[in-house]
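Participant: This is the content of structure_7.cif (mmCIF, C-alpha atoms):
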```
data_input
#
loop_
_atom_site.group_PDB
_atom_site.id
_atom_site.type_symbol
_atom_site.label_atom_id
_atom_site.label_comp_id
_atom_site.auth_asym_id
_atom_site.auth_seq_id
_atom_site.Cartn_x
_atom_site.Cartn_y
_atom_site.Cartn_z
ATOM 1 C CA SER W 1 -74.747 -28.956 -15.005
ATOM 2 C CA ILE W 2 -71.444 -30.753 -15.167
ATOM 3 C CA SER W 3 -69.823 -31.317 -18.522
ATOM 4 C CA LYS W 4 -69.047 -34.814 -19.749
ATOM 5 C CA GLN W 5 -65.399 -33.791 -20.056
ATOM 6 C CA VAL W 6 -65.178 -32.913 -16.358
ATOM 7 C CA TRP W 7 -66.846 -36.189 -15.351
ATOM 8 C CA GLN W 8 -64.341 -38.106 -17.446
ATOM 9 C CA LEU W 9 -61.475 -36.214 -15.830
ATOM 10 C CA ILE W 10 -62.815 -37.013 -12.348
ATOM 11 C CA TRP W 11 -63.188 -40.725 -13.084
ATOM 12 C CA LYS W 12 -59.747 -40.906 -14.752
ATOM 13 C CA LEU W 13 -57.902 -39.269 -11.841
ATOM 14 C CA ARG W 14 -54.801 -41.148 -10.769
ATOM 15 C CA THR W 15 -55.985 -41.454 -7.216
ATOM 16 C CA PRO W 16 -57.418 -44.183 -5.025
ATOM 17 C CA PRO W 17 -61.081 -44.887 -5.827
ATOM 18 C CA LYS W 18 -62.205 -43.241 -2.567
ATOM 19 C CA LEU W 19 -60.782 -39.907 -3.803
ATOM 20 C CA ARG W 20 -62.585 -40.165 -7.146
ATOM 21 C CA ASN W 21 -65.779 -40.898 -5.189
ATOM 22 C CA PHE W 22 -65.013 -37.939 -2.908
ATOM 23 C CA MET W 23 -64.616 -35.636 -5.928
ATOM 24 C CA TRP W 24 -67.932 -36.958 -7.256
ATOM 25 C CA GLN W 25 -69.559 -36.106 -3.905
ATOM 26 C CA ILE W 26 -68.189 -32.571 -4.091
ATOM 27 C CA ALA W 27 -69.429 -32.162 -7.657
ATOM 28 C CA TYR W 28 -72.924 -33.303 -6.623
ATOM 29 C CA ARG W 29 -72.763 -31.193 -3.450
ATOM 30 C CA ALA W 30 -73.354 -34.388 -1.477
ATOM 31 C CA LEU W 31 -70.857 -33.736 1.320
ATOM 32 C CA ALA W 32 -72.184 -33.046 4.792
ATOM 33 C CA MET W 33 -71.289 -29.354 4.944
ATOM 34 C CA LEU W 34 -72.203 -27.416 8.100
ATOM 35 C CA GLU W 35 -74.294 -25.052 5.985
ATOM 36 C CA ASN W 36 -76.631 -27.933 5.041
ATOM 37 C CA LEU W 37 -76.475 -29.682 8.413
ATOM 38 C CA PHE W 38 -77.525 -26.462 10.137
ATOM 39 C CA LEU W 39 -80.563 -26.112 7.858
ATOM 40 C CA ARG W 40 -81.571 -29.654 8.857
ATOM 41 C CA LYS W 41 -81.078 -28.762 12.535
ATOM 42 C CA ILE W 42 -78.329 -31.359 12.989
ATOM 43 C CA VAL W 43 -75.613 -28.952 14.151
ATOM 44 C CA PRO W 44 -76.009 -25.784 16.250
ATOM 45 C CA SER W 45 -74.041 -23.492 13.933
ATOM 46 C CA PRO W 46 -73.175 -23.301 10.216
ATOM 47 C CA MET W 47 -69.988 -21.316 10.860
ATOM 48 C CA CYS W 48 -66.622 -22.528 9.602
ATOM 49 C CA PRO W 49 -64.920 -24.320 12.528
ATOM 50 C CA ILE W 50 -61.500 -23.189 11.337
ATOM 51 C CA CYS W 51 -61.959 -19.414 11.235
ATOM 52 C CA ASN W 52 -65.522 -18.977 12.546
ATOM 53 C CA ASP W 53 -65.929 -16.102 10.083
ATOM 54 C CA GLN W 54 -68.465 -17.351 7.489
ATOM 55 C CA GLU W 55 -70.815 -20.264 6.915
ATOM 56 C CA GLU W 56 -69.115 -23.466 5.828
ATOM 57 C CA SER W 57 -70.110 -24.068 2.208
ATOM 58 C CA LEU W 58 -68.176 -26.061 -0.376
ATOM 59 C CA GLU W 59 -66.734 -22.890 -1.829
ATOM 60 C CA TYR W 60 -65.783 -21.475 1.547
ATOM 61 C CA LEU W 61 -64.257 -24.651 2.941
ATOM 62 C CA PHE W 62 -62.234 -25.630 -0.122
ATOM 63 C CA LEU W 63 -61.327 -22.219 -1.577
ATOM 64 C CA LEU W 64 -62.234 -19.101 0.374
ATOM 65 C CA CYS W 65 -61.377 -19.710 4.028
ATOM 66 C CA PRO W 66 -58.170 -17.770 4.840
ATOM 67 C CA TRP W 67 -56.651 -20.956 6.295
ATOM 68 C CA VAL W 68 -57.286 -22.832 3.048
ATOM 69 C CA GLU W 69 -55.876 -20.092 0.833
ATOM 70 C CA THR W 70 -52.479 -20.667 2.434
ATOM 71 C CA ILE W 71 -52.720 -24.405 1.741
ATOM 72 C CA TRP W 72 -53.299 -23.833 -1.977
ATOM 73 C CA PHE W 73 -50.586 -21.199 -2.264
ATOM 74 C CA GLY W 74 -48.047 -22.903 -0.008
ATOM 75 C CA GLY W 75 -48.509 -26.360 -1.500
ATOM 76 C CA ILE W 76 -46.967 -27.978 -4.529
ATOM 77 C CA LEU W 77 -49.464 -26.259 -6.847
ATOM 78 C CA ASN W 78 -48.474 -22.773 -5.639
ATOM 79 C CA TYR W 79 -52.026 -21.676 -6.550
ATOM 80 C CA LYS W 80 -53.300 -18.227 -5.564
ATOM 81 C CA VAL W 81 -57.086 -18.271 -5.126
ATOM 82 C CA ASP W 82 -58.730 -15.306 -6.837
ATOM 83 C CA ARG W 83 -61.801 -14.665 -4.654
ATOM 84 C CA ARG W 84 -63.449 -12.571 -7.368
ATOM 85 C CA MET W 85 -63.484 -15.536 -9.738
ATOM 86 C CA ILE W 86 -65.060 -18.089 -7.374
ATOM 87 C CA TYR W 87 -68.772 -18.513 -8.097
ATOM 88 C CA SER W 88 -69.070 -22.204 -7.349
ATOM 89 C CA TRP W 89 -66.672 -25.049 -6.617
ATOM 90 C CA MET W 90 -67.741 -26.788 -9.817
ATOM 91 C CA ASP W 91 -67.065 -23.714 -11.958
ATOM 92 C CA TRP W 92 -63.641 -23.407 -10.342
ATOM 93 C CA PHE W 93 -62.827 -27.087 -10.882
ATOM 94 C CA HIS W 94 -64.070 -26.913 -14.459
ATOM 95 C CA SER W 95 -61.786 -23.939 -15.155
ATOM 96 C CA ILE W 96 -58.814 -25.811 -13.662
ATOM 97 C CA ALA W 97 -59.697 -29.071 -15.424
ATOM 98 C CA THR W 98 -60.141 -27.555 -18.875
ATOM 99 C CA ARG W 99 -57.183 -25.169 -18.767
ATOM 100 C CA ARG W 100 -54.155 -26.450 -20.644
ATOM 101 C CA PHE W 101 -51.092 -26.793 -18.403
ATOM 102 C CA GLY W 102 -48.945 -28.864 -20.695
ATOM 103 C CA SER W 103 -49.383 -32.462 -21.749
ATOM 104 C CA LYS W 104 -52.329 -34.644 -20.789
ATOM 105 C CA GLU W 105 -49.976 -36.421 -18.387
ATOM 106 C CA GLU W 106 -49.107 -33.146 -16.643
ATOM 107 C CA GLN W 107 -52.761 -32.122 -16.525
ATOM 108 C CA GLY W 108 -53.649 -35.483 -14.950
ATOM 109 C CA ILE W 109 -50.980 -34.963 -12.287
ATOM 110 C CA LEU W 110 -52.282 -31.450 -11.587
ATOM 111 C CA LEU W 111 -55.869 -32.675 -11.153
ATOM 112 C CA SER W 112 -54.683 -35.498 -8.898
ATOM 113 C CA HIS W 113 -52.970 -32.890 -6.707
ATOM 114 C CA VAL W 114 -56.205 -30.897 -6.609
ATOM 115 C CA ALA W 115 -58.121 -34.013 -5.511
ATOM 116 C CA PHE W 116 -55.574 -34.892 -2.809
ATOM 117 C CA THR W 117 -55.490 -31.290 -1.575
ATOM 118 C CA CYS W 118 -59.300 -31.191 -1.300
ATOM 119 C CA TRP W 119 -59.257 -34.549 0.510
ATOM 120 C CA HIS W 120 -56.710 -33.330 3.059
ATOM 121 C CA ILE W 121 -58.617 -30.086 3.602
ATOM 122 C CA TRP W 122 -61.781 -32.128 4.258
ATOM 123 C CA LYS W 123 -59.992 -34.481 6.656
ATOM 124 C CA ALA W 124 -58.281 -31.621 8.528
ATOM 125 C CA ASN W 125 -61.656 -29.910 8.910
ATOM 126 C CA ALA W 126 -63.232 -33.105 10.256
ATOM 127 C CA ILE W 127 -60.685 -33.212 13.086
ATOM 128 C CA LEU W 128 -61.683 -29.754 14.320
#
```
Would you write out, as structure tokens, the structure that this file holds?

Facilitator:
Amino acid sequence: SISKQVWQLIWKLRTPPKLRNFMWQIAYRALAMLENLFLRKIVPSPMCPICNDQEESLEYLFLLCPWVETIWFGGILNYKVDRRMIYSWMDWFHSIATRRFGSKEEQGILLSHVAFTCWHIWKANAIL
């Protein structure tokens, strides 16, 4: 279940509406991930097209793929993904969204960066 607080944070993101909708799709696991498309026999393989090491799930694509870890750490957020603490994308986002990083303004900026980073990861993956 997704807390009301997280929903409010998603809908109040300072991003274009399509990014708020995109974050909603992630939260509801409504994106067309290869893992799900493979189960429906739409694609021949569920493997991550970037590294071809594991099945492409939300957690793997946005947080656990070695290629993506460098994006989080090398980007403006300078975030190091702790693989041991990733159980689900929603749990991860909830922990980021509810952690205090300063003022509400600063927290809003941080969450907007998270949304834009996820969007760019998704778009880069779609090109492959």

Participant: Please measure the separation of atom CA of W:Asn125 and atom CA of W:Ser3, giving the value in Å to one decimal.

Facilitator: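 Rounded to one decimal, the two atoms are 28.7 Å apart.
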
Participant: Counting all atoms listed in the file, which of W:Ile10, W:Ala115, W:Ala97, W:Leu64 gets nearest to W:Ile50?

Facilitator: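 Closest residue, counting all atoms listed in the file: W:Leu64.
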
Participant: To verify the selection step, state as a list in words which residues the PyMOL selection byres ((chain W and resi 61) around 10) yields on this input.

Facilitator: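 Here the PyMOL selection byres ((chain W and resi 61) around 10) matches Met33, Leu34, Cys48, Pro49, Ile50, Gln54, Glu55, Glu56, Ser57, Leu58, Glu59, Tyr60, Phe62, Leu63, Leu64, Cys65, Pro66, Trp67, Val68, Glu69, Trp89, Cys118, Ile121, Trp122 and Asn125 of chain W.
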
Participant: Using Å and a single decimal, report how far atom CA of W:Gln107 sits from atom CA of W:Ile26.

Facilitator: 19.8 Å

Participant: Specify as a list in words each residue included when the PyMOL selection byres ((chain W and resi 28) around 12) is applied to this file.

Facilitator: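 When the PyMOL selection byres ((chain W and resi 28) around 12) is applied, the selected residues are Ser1, Ile2, Trp7, Asn21, Phe22, Met23, Trp24, Gln25, Ile26, Ala27, Arg29, Ala30, Leu31, Ala32, Leu58, Ser88, Trp89 and Met90 of chain W.
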
Participant: How many Å separate atom CA of W:Ser112 from atom CA of W:Arg14?

Facilitator: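 Atom CA of W:Arg14 lies at a distance of 6.0 Å from atom CA of W:Ser112.
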
Participant: Using only C-alpha atoms, can you tell me which of W:Ile96, W:Met85, W:Val114, W:Leu39 comes closest to W:Trp72?

Facilitator: W:Val114

Participant: For W:Gln5, list every protein, DNA or RNA residue within 12 Å, evaluated using only C-alpha atoms, and leave out those in the same chain fewer than 5 positions away; present the list as a list in words.

Facilitator: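 The filter keeps Ile10, Trp11, Lys12, Phe93, His94, Ser95, Ala97, Thr98 and Arg99 of chain W.
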
Participant: Ranking W:Arg83, W:Lys104, W:Lys4, W:Arg20 by minimum distance to W:Trp119 and counting all atoms listed in the file, which one comes first?

Facilitator: W:Arg20

Participant: Selection in question (the file shown): the PyMOL selection byres ((chain W and resi 75) around 12). Which residues does it include, as a PyMOL selection string?

Facilitator: chain W and resi 68-74+76-80+110+113-114+116-118+120-121
